[in-house]
$ cat model_3.txt   # compact mmCIF, C-alpha atoms
# COMPACT_ATOMS: atom_id res chain seq x y z
CA MET A 1 -84.29 89.27 6.43
CA ASP A 2 -82.02 87.29 8.77
CA TYR A 3 -78.38 86.33 8.31
CA PHE A 4 -76.94 83.57 10.47
CA GLY A 5 -80.24 83.61 12.39
CA ILE A 6 -79.72 87.20 13.56
CA PRO A 7 -82.51 89.62 12.57
CA THR A 8 -81.38 92.85 10.96
CA VAL A 9 -82.21 96.03 12.86
CA VAL A 10 -82.47 98.24 9.78
CA SER A 11 -84.00 97.04 6.52
CA ILE A 12 -82.82 98.74 3.32
CA PRO A 13 -85.21 97.90 0.45
CA SER A 14 -82.73 98.73 -2.29
CA GLU A 15 -79.99 96.56 -0.85
CA ARG A 16 -78.99 93.43 -2.75
CA ILE A 17 -76.34 91.28 -1.12
CA VAL A 18 -75.18 88.25 -3.05
CA PHE A 19 -75.31 85.54 -0.42
CA SER A 20 -77.82 82.91 -1.46
CA GLY A 21 -76.80 79.99 -3.58
CA LEU A 22 -73.48 79.69 -1.75
CA LYS A 23 -71.91 82.66 -3.50
CA MET A 24 -69.36 85.04 -2.08
CA TYR A 25 -70.75 87.70 0.23
CA VAL A 26 -70.57 90.86 -1.91
CA VAL A 27 -72.30 94.22 -1.45
CA GLU A 28 -73.66 95.29 -4.85
CA SER A 29 -76.28 98.02 -4.41
CA LYS A 30 -75.98 101.69 -3.57
CA GLY A 31 -78.17 101.18 -0.49
CA GLY A 32 -75.95 98.41 0.82
CA ALA A 33 -72.86 100.49 0.14
CA ILE A 34 -74.25 103.46 2.07
CA ALA A 35 -75.10 101.17 5.00
CA CYS A 36 -71.48 99.96 5.05
CA MET A 37 -70.22 103.57 4.91
CA LEU A 38 -72.39 104.69 7.82
CA LEU A 39 -71.24 101.83 10.04
CA ALA A 40 -67.63 102.46 8.99
CA LEU A 41 -68.14 106.14 9.84
CA PHE A 42 -68.98 105.31 13.46
CA PHE A 43 -66.10 102.84 13.86
CA LEU A 44 -63.49 105.06 12.21
CA GLY A 45 -64.61 108.09 14.21
CA THR A 46 -64.50 106.30 17.56
CA TRP A 47 -61.13 104.52 17.65
CA PRO A 48 -59.07 107.76 17.56
CA ALA A 49 -60.93 108.97 20.66
CA ILE A 50 -59.94 105.79 22.51
CA LEU A 51 -56.24 106.17 21.68
CA THR A 52 -56.36 109.86 22.62
CA LEU A 53 -57.90 108.94 25.98
CA LEU A 54 -55.05 106.52 26.72
CA GLU A 55 -52.38 109.09 25.82
CA ARG A 56 -54.01 111.65 28.11
CA ARG A 57 -53.93 109.09 30.91
CA GLY A 58 -50.18 108.76 30.48
CA ARG A 59 -49.82 105.50 28.53
CA LEU A 60 -46.93 105.58 26.11
CA PRO A 61 -48.16 105.79 22.50
CA GLN A 62 -45.66 103.09 21.49
CA HIS A 63 -47.34 100.61 23.86
CA THR A 64 -50.83 101.63 22.76
CA TYR A 65 -50.08 101.41 19.06
CA LEU A 66 -48.50 97.96 19.35
CA ASP A 67 -51.68 96.65 21.01
CA TYR A 68 -53.87 98.43 18.47
CA THR A 69 -51.89 96.96 15.57
CA ILE A 70 -52.46 93.37 16.71
CA THR A 71 -56.27 93.53 16.67
CA ASN A 72 -56.29 95.70 13.55
CA LEU A 73 -54.68 92.77 11.70
CA LEU A 74 -56.92 90.27 13.47
CA ALA A 75 -60.00 92.09 12.14
CA ALA A 76 -58.74 91.63 8.57
CA VAL A 77 -58.08 87.93 9.21
CA ILE A 78 -61.61 87.48 10.56
CA ILE A 79 -63.13 89.22 7.52
CA ALA A 80 -61.01 87.16 5.12
CA PHE A 81 -61.92 83.79 6.67
CA THR A 82 -65.62 84.61 7.00
CA PHE A 83 -66.85 86.84 4.15
CA GLY A 84 -63.97 85.79 1.91
CA GLU A 85 -64.62 82.06 2.38
CA ILE A 86 -68.42 81.95 2.25
CA GLY A 87 -69.69 79.93 -0.69
CA LYS A 88 -68.09 77.92 -3.45
CA SER A 89 -64.98 79.26 -5.15
CA THR A 90 -65.29 79.89 -8.89
CA ILE A 91 -62.83 80.81 -11.63
CA GLU A 92 -64.29 84.31 -11.93
CA LYS A 93 -64.64 84.85 -8.18
CA PRO A 94 -62.21 82.66 -6.25
CA ASN A 95 -62.42 82.67 -2.49
CA PHE A 96 -59.73 83.97 -0.16
CA ILE A 97 -57.67 80.79 0.23
CA ASN A 98 -57.53 80.12 -3.51
CA GLN A 99 -56.41 83.67 -4.28
CA LEU A 100 -53.41 83.33 -1.99
CA SER A 101 -51.75 80.94 -4.47
CA GLN A 102 -52.60 82.81 -7.70
CA ASP A 103 -50.22 84.93 -9.76
CA ASN A 104 -51.70 88.25 -8.64
CA TRP A 105 -48.61 89.88 -7.16
CA PRO A 106 -48.98 93.23 -8.97
CA SER A 107 -52.33 93.73 -7.24
CA VAL A 108 -50.94 92.39 -3.98
CA LEU A 109 -48.16 94.98 -4.08
CA PHE A 110 -50.70 97.78 -4.62
CA ALA A 111 -52.68 96.56 -1.61
CA MET A 112 -49.55 96.36 0.53
CA ALA A 113 -48.46 99.85 -0.57
CA GLY A 114 -51.82 101.13 0.64
CA GLY A 115 -51.30 99.44 3.98
CA ILE A 116 -47.85 101.03 4.37
CA VAL A 117 -49.07 104.61 3.85
CA LEU A 118 -52.07 104.01 6.12
CA SER A 119 -49.77 102.73 8.87
CA LEU A 120 -47.53 105.79 8.55
CA GLY A 121 -50.56 108.08 8.64
CA ASN A 122 -52.08 106.40 11.70
CA LEU A 123 -48.75 106.55 13.51
CA ALA A 124 -48.38 110.26 12.74
CA THR A 125 -51.90 111.11 13.90
CA GLN A 126 -51.25 109.48 17.27
CA TYR A 127 -48.71 112.23 17.95
CA ALA A 128 -50.71 114.94 16.17
CA TRP A 129 -53.70 114.40 18.51
CA ALA A 130 -51.58 115.58 21.43
CA PHE A 131 -50.41 118.76 19.70
CA VAL A 132 -53.44 119.79 17.67
CA GLY A 133 -56.33 118.08 19.44
CA LEU A 134 -58.55 115.23 18.30
CA SER A 135 -61.14 117.32 16.45
CA VAL A 136 -58.85 119.50 14.35
CA THR A 137 -56.48 116.64 13.53
CA GLU A 138 -59.30 114.50 12.17
CA VAL A 139 -60.83 117.35 10.16
CA ILE A 140 -57.55 118.37 8.50
CA THR A 141 -56.40 114.81 7.70
CA SER A 142 -59.84 113.77 6.43
CA SER A 143 -60.17 116.86 4.26
CA ILE A 144 -56.74 116.36 2.70
CA THR A 145 -57.68 112.72 2.10
CA VAL A 146 -60.77 113.78 0.19
CA VAL A 147 -59.12 116.57 -1.78
CA ILE A 148 -56.33 114.31 -3.07
CA GLY A 149 -57.66 110.77 -2.66
CA THR A 150 -61.16 111.37 -3.97
CA THR A 151 -59.85 113.08 -7.07
CA LEU A 152 -57.55 110.14 -7.80
CA ASN A 153 -60.33 107.61 -7.17
CA TYR A 154 -62.72 109.48 -9.46
CA PHE A 155 -60.42 108.99 -12.44
CA LEU A 156 -59.43 105.43 -11.43
CA ASP A 157 -63.10 104.43 -11.24
CA ASP A 158 -63.70 105.60 -14.81
CA LYS A 159 -65.75 108.60 -13.62
CA ILE A 160 -68.69 106.54 -12.29
CA ASN A 161 -69.38 109.29 -9.75
CA LYS A 162 -71.18 112.49 -10.74
CA ALA A 163 -68.43 115.07 -11.25
CA GLU A 164 -70.80 118.06 -11.09
CA ILE A 165 -71.69 116.98 -7.54
CA LEU A 166 -68.43 115.35 -6.44
CA PHE A 167 -65.98 118.19 -7.01
CA PRO A 168 -68.01 120.93 -5.30
CA GLY A 169 -67.95 118.59 -2.30
CA VAL A 170 -64.18 118.27 -2.63
CA GLY A 171 -63.97 122.07 -2.66
CA CYS A 172 -65.96 122.21 0.59
CA PHE A 173 -63.50 119.81 2.18
CA LEU A 174 -60.64 122.09 1.11
CA ILE A 175 -62.34 125.03 2.82
CA ALA A 176 -62.77 122.85 5.93
CA VAL A 177 -58.97 122.34 5.99
CA CYS A 178 -58.46 126.11 6.16
CA PHE A 179 -61.04 126.42 8.94
CA GLY A 180 -59.36 123.57 10.84
CA SER A 181 -55.97 125.24 10.76
CA ALA A 182 -57.53 128.50 11.96
CA VAL A 183 -59.37 126.70 14.80
CA HIS A 184 -56.12 125.17 16.01
CA SER A 185 -54.24 128.48 15.97
CA SER A 186 -57.07 130.30 17.74
CA ASN A 187 -57.50 127.59 20.39
CA ALA A 188 -53.72 127.50 21.00
CA ALA A 189 -53.78 131.27 21.57
CA ASP A 190 -56.71 130.86 24.00
CA ASN A 191 -54.82 128.23 26.01
CA LYS A 192 -51.69 130.36 26.12
CA ALA A 193 -53.70 133.30 27.45
CA LYS A 194 -55.29 131.11 30.14
CA LEU A 195 -51.93 129.80 31.34
CA THR A 196 -50.33 133.25 31.33
CA SER A 197 -53.17 134.70 33.37
CA PHE A 198 -53.16 131.74 35.75
CA SER A 199 -49.44 132.03 36.44
CA ASN A 200 -48.99 135.79 36.63
CA ASP A 201 -52.21 137.27 37.96
CA SER A 202 -51.76 138.32 41.60
CA LYS A 203 -55.46 138.77 42.25
CA ALA A 204 -57.77 136.21 43.86
CA ARG A 205 -58.84 133.11 41.95
CA ALA A 206 -61.21 133.75 39.06
CA GLN A 207 -64.06 131.63 40.55
CA GLY A 208 -65.19 134.60 42.65
CA LEU A 209 -63.20 134.02 45.82
CA LYS A 210 -62.73 137.75 46.52
CA ASP A 211 -61.24 137.28 49.93
CA ALA A 212 -58.83 134.49 49.01
CA SER A 213 -55.39 134.99 50.48
CA VAL A 214 -53.65 132.70 48.07
CA SER A 215 -52.77 134.35 44.82
CA LYS A 216 -53.08 132.54 41.50
CA GLU A 217 -49.32 132.52 41.20
CA THR A 218 -48.89 130.72 44.53
CA TYR A 219 -51.75 128.38 43.68
CA ALA A 220 -50.16 127.51 40.35
CA ASN A 221 -46.77 126.88 41.95
CA LYS A 222 -48.28 124.48 44.49
CA ASP A 223 -50.10 122.62 41.75
CA LEU A 224 -46.98 122.33 39.65
CA GLU A 225 -44.90 121.13 42.62
CA ASN A 226 -47.13 118.41 44.05
CA GLY A 227 -50.48 118.48 42.27
CA THR A 228 -52.33 118.53 45.61
CA ALA A 229 -53.06 122.19 46.21
CA THR A 230 -56.78 121.44 45.80
CA LYS A 231 -58.86 118.32 45.91
CA GLU A 232 -61.48 119.80 43.61
CA LYS A 233 -61.60 118.33 40.15
CA ALA A 234 -60.37 120.83 37.59
CA GLU A 235 -63.09 122.04 35.25
CA PHE A 236 -62.75 121.50 31.50
CA GLY A 237 -61.19 124.42 29.71
CA THR A 238 -59.56 126.03 32.75
CA ALA A 239 -55.84 126.67 33.12
CA HIS A 240 -55.81 124.29 36.08
CA PHE A 241 -57.23 121.56 33.84
CA LEU A 242 -54.56 122.22 31.19
CA ILE A 243 -51.80 121.97 33.80
CA GLU A 244 -53.19 118.72 35.23
CA LEU A 245 -53.49 117.29 31.72
CA GLU A 246 -49.90 118.22 30.90
CA ASN A 247 -48.65 116.55 34.07
CA LYS A 248 -50.51 113.30 33.37
CA ARG A 249 -50.24 112.90 29.61
CA ALA A 250 -47.50 110.92 27.87
CA ILE A 251 -46.63 113.51 25.20
CA LYS A 252 -45.67 116.88 26.69
CA VAL A 253 -46.87 119.73 24.49
CA PHE A 254 -46.20 122.87 26.56
CA GLY A 255 -43.61 125.04 24.87
CA LYS A 256 -43.95 123.30 21.52
CA GLY A 257 -44.70 125.45 18.49
CA THR A 258 -47.94 125.34 16.52
CA PHE A 259 -45.99 124.41 13.40
CA ILE A 260 -44.93 121.00 14.75
CA GLY A 261 -48.49 119.80 15.27
CA LEU A 262 -49.73 121.09 11.94
CA ALA A 263 -46.73 119.62 10.07
CA ILE A 264 -47.39 116.17 11.55
CA THR A 265 -51.09 116.53 10.75
CA PHE A 266 -50.53 117.49 7.10
CA PHE A 267 -48.04 114.61 6.67
CA ALA A 268 -50.68 112.20 7.99
CA GLY A 269 -53.27 113.67 5.64
CA VAL A 270 -51.08 113.08 2.59
CA CYS A 271 -50.51 109.47 3.68
CA PHE A 272 -54.23 108.89 4.16
CA SER A 273 -55.00 110.34 0.73
CA LEU A 274 -52.99 107.58 -0.97
CA PHE A 275 -54.17 104.38 0.71
CA SER A 276 -57.64 104.27 -0.87
CA PRO A 277 -56.43 104.80 -4.49
CA ALA A 278 -53.82 102.08 -3.93
CA PHE A 279 -56.52 99.71 -2.68
CA ASN A 280 -58.69 100.66 -5.65
CA LEU A 281 -55.89 99.64 -8.02
CA ALA A 282 -55.45 96.38 -6.12
CA THR A 283 -59.09 95.30 -6.52
CA ASN A 284 -59.91 96.66 -9.99
CA ASP A 285 -56.57 96.55 -11.87
CA GLN A 286 -57.21 99.74 -13.84
CA TRP A 287 -53.60 99.72 -15.05
CA HIS A 288 -53.94 96.15 -16.41
CA THR A 289 -50.99 94.70 -14.54
CA LEU A 290 -52.57 91.23 -14.19
CA GLN A 291 -52.52 88.55 -16.88
CA ASN A 292 -55.81 88.08 -18.74
CA ASP A 293 -56.65 84.77 -17.05
CA VAL A 294 -55.98 85.99 -13.51
CA PRO A 295 -59.08 87.27 -11.65
CA HIS A 296 -58.98 90.54 -9.75
CA LEU A 297 -58.33 90.43 -6.03
CA SER A 298 -61.50 90.33 -3.99
CA VAL A 299 -62.00 93.07 -1.42
CA TYR A 300 -61.33 90.56 1.34
CA THR A 301 -58.07 89.24 -0.09
CA ALA A 302 -56.80 92.73 -0.86
CA PHE A 303 -57.74 93.87 2.64
CA PHE A 304 -55.78 90.97 4.13
CA TYR A 305 -52.57 91.92 2.30
CA PHE A 306 -53.28 95.59 3.03
CA SER A 307 -53.49 94.87 6.76
CA VAL A 308 -50.43 92.60 6.82
CA SER A 309 -48.18 95.35 5.44
CA CYS A 310 -49.79 97.86 7.80
CA PHE A 311 -49.00 95.50 10.70
CA VAL A 312 -45.38 94.90 9.68
CA ILE A 313 -44.56 98.61 9.31
CA ALA A 314 -46.26 99.46 12.61
CA ILE A 315 -44.39 96.73 14.50
CA ILE A 316 -41.00 97.75 13.09
CA LEU A 317 -41.46 101.47 13.76
CA ASN A 318 -43.01 101.18 17.21
CA ILE A 319 -40.48 98.69 18.52
CA SER A 320 -37.72 101.03 17.34
CA PHE A 321 -39.55 103.93 19.05
CA LEU A 322 -39.49 101.98 22.30
CA TYR A 323 -35.71 102.30 22.41
CA ARG A 324 -35.34 105.52 20.39
CA PRO A 325 -38.44 107.58 21.17
CA VAL A 326 -39.36 110.81 19.41
CA LEU A 327 -40.66 114.13 20.80
CA ASN A 328 -38.81 113.67 24.11
CA LEU A 329 -40.88 110.67 25.17
CA PRO A 330 -39.27 108.40 27.80
CA LYS A 331 -37.46 105.29 26.68
CA SER A 332 -39.13 101.94 27.13
CA SER A 333 -38.48 98.31 26.22
CA PHE A 334 -40.32 95.34 24.80
CA LYS A 335 -40.38 93.78 28.26
CA ALA A 336 -41.93 96.94 29.70
CA TYR A 337 -44.52 96.89 26.93
CA LEU A 338 -45.51 93.30 27.68
CA SER A 339 -46.00 94.11 31.36
CA ASP A 340 -48.02 97.29 30.70
CA TRP A 341 -51.66 96.25 31.07
CA ASN A 342 -52.93 99.73 31.92
CA GLY A 343 -55.46 100.45 29.19
CA ARG A 344 -54.53 97.46 27.03
CA GLY A 345 -58.13 96.38 26.62
CA TRP A 346 -59.08 99.80 25.24
CA ALA A 347 -56.17 99.75 22.80
CA LEU A 348 -57.17 96.30 21.55
CA LEU A 349 -60.76 97.51 21.10
CA ALA A 350 -59.51 100.49 19.07
CA GLY A 351 -57.69 98.12 16.73
CA PHE A 352 -60.83 96.10 16.12
CA LEU A 353 -62.89 99.23 15.43
CA CYS A 354 -60.34 100.57 12.95
CA GLY A 355 -59.93 97.20 11.22
CA PHE A 356 -63.63 96.55 10.74
CA GLY A 357 -64.20 100.21 9.83
CA ASN A 358 -61.63 100.04 7.03
CA GLY A 359 -63.07 96.75 5.81
CA LEU A 360 -66.58 98.19 5.62
CA GLN A 361 -65.30 101.27 3.81
CA PHE A 362 -63.67 99.11 1.14
CA MET A 363 -66.77 96.93 0.79
CA GLY A 364 -68.87 100.04 0.19
CA GLY A 365 -66.31 101.52 -2.18
CA GLN A 366 -66.21 98.44 -4.35
CA ALA A 367 -69.96 98.75 -4.87
CA ALA A 368 -70.53 102.50 -5.19
CA GLY A 369 -67.11 103.81 -6.18
CA TYR A 370 -64.17 104.57 -3.93
CA ALA A 371 -64.59 108.32 -4.49
CA ALA A 372 -68.04 108.21 -2.88
CA ALA A 373 -66.77 105.84 -0.17
CA ASP A 374 -64.48 108.65 0.96
CA ALA A 375 -67.65 110.03 2.55
CA VAL A 376 -66.57 108.02 5.61
CA GLN A 377 -64.08 110.85 6.06
CA ALA A 378 -67.01 112.40 7.91
CA LEU A 379 -65.44 110.62 10.87
CA PRO A 380 -64.36 113.98 12.40
CA LEU A 381 -68.04 114.61 13.17
CA VAL A 382 -67.90 111.57 15.43
CA SER A 383 -64.41 112.41 16.73
CA THR A 384 -65.42 116.00 17.54
CA PHE A 385 -68.39 114.69 19.52
CA TRP A 386 -66.08 112.44 21.55
CA GLY A 387 -63.48 115.21 21.86
CA ILE A 388 -65.96 117.65 23.38
CA LEU A 389 -67.74 115.03 25.51
CA LEU A 390 -64.71 113.13 26.86
CA PHE A 391 -61.86 115.63 26.73
CA GLY A 392 -63.53 119.01 27.11
CA GLU A 393 -62.00 120.38 23.93
CA TYR A 394 -62.87 124.05 23.27
CA ARG A 395 -64.44 124.58 26.67
CA ARG A 396 -64.06 128.20 27.83
CA SER A 397 -62.54 129.21 24.51
CA SER A 398 -62.95 132.58 22.82
CA ARG A 399 -65.88 133.56 20.61
CA ARG A 400 -63.51 133.61 17.66
CA THR A 401 -62.60 129.96 18.27
CA TYR A 402 -66.26 128.98 18.57
CA ALA A 403 -67.15 130.82 15.37
CA LEU A 404 -64.33 129.09 13.48
CA LEU A 405 -65.32 125.70 14.95
CA VAL A 406 -68.94 126.13 13.81
CA GLY A 407 -67.74 127.15 10.37
CA MET A 408 -65.41 124.15 10.14
CA LEU A 409 -68.07 121.62 11.13
CA SER A 410 -70.79 123.25 8.99
CA MET A 411 -68.61 123.18 5.90
CA PHE A 412 -67.68 119.61 6.73
CA ILE A 413 -71.31 118.45 7.01
CA ILE A 414 -72.16 120.08 3.68
CA ALA A 415 -69.13 118.45 2.05
CA VAL A 416 -70.03 114.96 3.28
CA GLY A 417 -73.65 115.25 2.11
CA VAL A 418 -72.55 116.40 -1.33
CA LEU A 419 -69.99 113.60 -1.57
CA MET A 420 -72.50 110.87 -0.72
CA ALA A 421 -74.94 112.35 -3.26
CA SER A 422 -72.34 111.73 -5.97
CA SER A 423 -72.44 107.93 -5.44
CA GLY A 424 -72.52 105.86 -8.61
CA HIS A 425 -72.77 102.13 -9.31
CA ARG A 426 -69.88 99.96 -10.43
CA LYS A 427 -70.81 97.83 -13.44

$ encode --input "model_3.txt" --output "structure tokens"
Amino acid sequence: MDYFGIPTVVSIPSERIVFSGLKMYVVESKGGAIACMLLALFFLGTWPAILTLLERRGRLPQHTYLDYTITNLLAAVIIAFTFGEIGKSTIEKPNFINQLSQDNWPSVLFAMAGGIVLSLGNLATQYAWAFVGLSVTEVITSSITVVIGTTLNYFLDDKINKAEILFPGVGCFLIAVCFGSAVHSSNAADNKAKLTSFSNDSKARAQGLKDASVSKETYANKDLENGTATKEKAEFGTAHFLIELENKRAIKVFGKGTFIGLAITFFAGVCFSLFSPAFNLATNDQWHTLQNDVPHLSVYTAFFYFSVSCFVIAIILNISFLYRPVLNLPKSSFKAYLSDWNGRGWALLAGFLCGFGNGLQFMGGQAAGYAAADAVQALPLVSTFWGILLFGEYRRSSRRTYALLVGMLSMFIIAVGVLMASSGHRK
């Protein structure tokens, strides 16, 4: 079947999308919902890798996040004026423009509350990636999101998901959190051992240069002084690579305790666990805050308000961080931000990916239940792939770290499969 003259690549027989007869574009079936979740999974797992790449190249996170925030809002505007405006508006299902003037402020406030906590969580993870690493940050935050958020959504959705399947999956996510914390601690110990050996060992370089006259200590000092002691590209996972990364990156992490990174990560996870239940309340009014004659917010209208509040909070905080930075980052200014085009295109792309990913997650959740839609928290599987491929995470680590990493990802895969199997159907 074609939409807008574009043939679909994948055909899902069970999918029923209300589009014909000039009705609002709404995903109704379980198959359609799963398709939305899978696409959201790719988008939401990719944008963190892009922002991590920019930080490692030295771009200030305040500059990156301001760019990201602009296109994140633009994605919601595009969705609202396309999907939310398709077809004729009715009393039961008004389109986006009509809903803007209705007396639906209780639901609007729930949507905006969700946007606020999401913005705080996204902002926190941008700093957590530097301390904890992309893979572990995403696993811990996603698992906390499922443990808390999925439980809340299950009861808000009137238990449309299969509890006997759902909650064992939630338990698997909780175990994944423990594995993630252990992976971070083990990998941090590995990196510390590499740097200590690199700085203090008086023997020849570890690559087998037995007759080298330059000790590792001298080699390290030259690198730290001018970064030109060797023209060879540092290999992933080596101490030389870690030193080069520290010199280039925007957020300096050497000497910082493990606790700081994990504290930021757990704060972000709690924030993420609340945005989906808030959005659920905005679109389904389980607490009956709307008057009887006022229709529920559509996914598209709620997502617009959700993204506006996310944008406002991000702009306020990041502009203040330009002049009063945290974690010993250098000061900047709005003028410096406007003139910083290094990596701007990537940051704008990340905003689009996150915006459309969130929109697809909510579209799937409205059809199959927001508890099941939390299966998109499988995004660390995508982020870990990018982390290993692009950033060399866990290269040359200890066997203990590898064993914990395999355990973390295995438990995570099991948890996601179980969660998707619990999908229900909203009546």

$ atom_distance --input "model_3.txt" --atom1 "CA of Ile175 in chain A" --atom2 "CA of Asp374 in chain A"
16.6 Å

$ atom_distance --input "model_3.txt" --atom1 "CA of Ile319 in chain A" --atom2 "CA of Arg59 in chain A"
15.3 Å

$ closest_residue --input "model_3.txt" --among "A:Ser119, A:Ser143, A:Thr125, A:Thr52" --to "Met411 in chain A" --atoms "all atoms listed in the file"
A:Ser143

$ atom_distance --input "model_3.txt" --atom1 "CA of Val177 in chain A" --atom2 "CA of Ala278 in chain A"
23.1 Å

$ residues_around --input "model_3.txt" --residues "Pro325 in chain A" --least-positions-apart "4" --cutoff "12 Å" --atoms "all atoms listed in the file" --output "short mmCIF file (atom, residue, chain, number, x, y, z; two decimals) with C-alpha atoms, keeping the file's coordinate frame"
data_model
loop_
_atom_site.label_atom_id
_atom_site.label_comp_id
_atom_site.auth_asym_id
_atom_site.auth_seq_id
_atom_site.Cartn_x
_atom_site.Cartn_y
_atom_site.Cartn_z
CA LEU A 60 -46.93 105.58 26.11
CA PRO A 61 -48.16 105.79 22.50
CA GLN A 62 -45.66 103.09 21.49
CA HIS A 63 -47.34 100.61 23.86
CA TYR A 127 -48.71 112.23 17.95
CA ALA A 250 -47.50 110.92 27.87
CA ILE A 251 -46.63 113.51 25.20
CA LEU A 317 -41.46 101.47 13.76
CA ASN A 318 -43.01 101.18 17.21
CA ILE A 319 -40.48 98.69 18.52
CA SER A 320 -37.72 101.03 17.34
CA PHE A 321 -39.55 103.93 19.05
CA LEU A 329 -40.88 110.67 25.17
CA PRO A 330 -39.27 108.40 27.80
CA LYS A 331 -37.46 105.29 26.68
CA SER A 332 -39.13 101.94 27.13
CA SER A 333 -38.48 98.31 26.22
#

$ residues_around --input "model_3.txt" --residues "Leu389 in chain A" --least-positions-apart "4" --cutoff "12 Å" --atoms "all atoms listed in the file" --output "list in words"
Ala49, Leu53, Leu134, Ser135, Phe236, Val382, Ser383, Thr384, Phe385, Glu393, Tyr394 and Arg395 of chain A

$ closest_residue --input "model_3.txt" --among "A:Leu100, A:Val132, A:Ala415, A:Ala373" --to "Asp157 in chain A" --atoms "all atoms listed in the file"
A:Ala373

$ closest_residue --input "model_3.txt" --among "A:Val108, A:Ala128, A:Leu123, A:Leu54" --to "Leu390 in chain A" --atoms "all atoms listed in the file"
A:Leu54

$ residues_around --input "model_3.txt" --residues "Pro94 in chain A" --least-positions-apart "4" --cutoff "12 Å" --atoms "all atoms listed in the file" --output "list of chain:residue names"
A:Lys23, A:Met24, A:Tyr25, A:Gly84, A:Glu85, A:Ile86, A:Gly87, A:Lys88, A:Ser89, A:Thr90, A:Asn98, A:Gln99, A:Leu100, A:Ser101, A:Gln102, A:Val294, A:Pro295, A:His296, A:Leu297, A:Ser298, A:Val299, A:Tyr300, A:Thr301

$ write_last_selection --input "model_3.txt" --atoms "C-alpha atoms" --output "short mmCIF file (atom, residue, chain, number, x, y, z; two decimals), keeping the file's coordinate frame"
data_model
loop_
_atom_site.label_atom_id
_atom_site.label_comp_id
_atom_site.auth_asym_id
_atom_site.auth_seq_id
_atom_site.Cartn_x
_atom_site.Cartn_y
_atom_site.Cartn_z
CA LYS A 23 -71.91 82.66 -3.50
CA MET A 24 -69.36 85.04 -2.08
CA TYR A 25 -70.75 87.70 0.23
CA GLY A 84 -63.97 85.79 1.91
CA GLU A 85 -64.62 82.06 2.38
CA ILE A 86 -68.42 81.95 2.25
CA GLY A 87 -69.69 79.93 -0.69
CA LYS A 88 -68.09 77.92 -3.45
CA SER A 89 -64.98 79.26 -5.15
CA THR A 90 -65.29 79.89 -8.89
CA ASN A 98 -57.53 80.12 -3.51
CA GLN A 99 -56.41 83.67 -4.28
CA LEU A 100 -53.41 83.33 -1.99
CA SER A 101 -51.75 80.94 -4.47
CA GLN A 102 -52.60 82.81 -7.70
CA VAL A 294 -55.98 85.99 -13.51
CA PRO A 295 -59.08 87.27 -11.65
CA HIS A 296 -58.98 90.54 -9.75
CA LEU A 297 -58.33 90.43 -6.03
CA SER A 298 -61.50 90.33 -3.99
CA VAL A 299 -62.00 93.07 -1.42
CA TYR A 300 -61.33 90.56 1.34
CA THR A 301 -58.07 89.24 -0.09
#

$ closest_residue --input "model_3.txt" --among "A:Gly133, A:Gly180, A:Gly355, A:Gly387" --to "Gly115 in chain A" --atoms "only C-alpha atoms"
A:Gly355

$ axis_aligned_box --input "model_3.txt" --around "range 374-387 of chain A" --padding-each-side "4 Å" --output "JSON"
{"center_x": -65.9, "center_y": 112.0, "center_z": 11.4, "size_x": 12.9, "size_y": 16.0, "size_z": 28.9}

$ closest_residue --input "model_3.txt" --among "A:Val270, A:Thr289, A:Ile160, A:Thr46" --to "Leu118 in chain A" --atoms "all atoms listed in the file"
A:Val270

$ residues_around --input "model_3.txt" --residues "Glu164 in chain A" --least-positions-apart "2" --cutoff "12 Å" --atoms "all atoms listed in the file" --output "ChimeraX atom specification"
/A:154,159-162,166-171,418-419,421-423
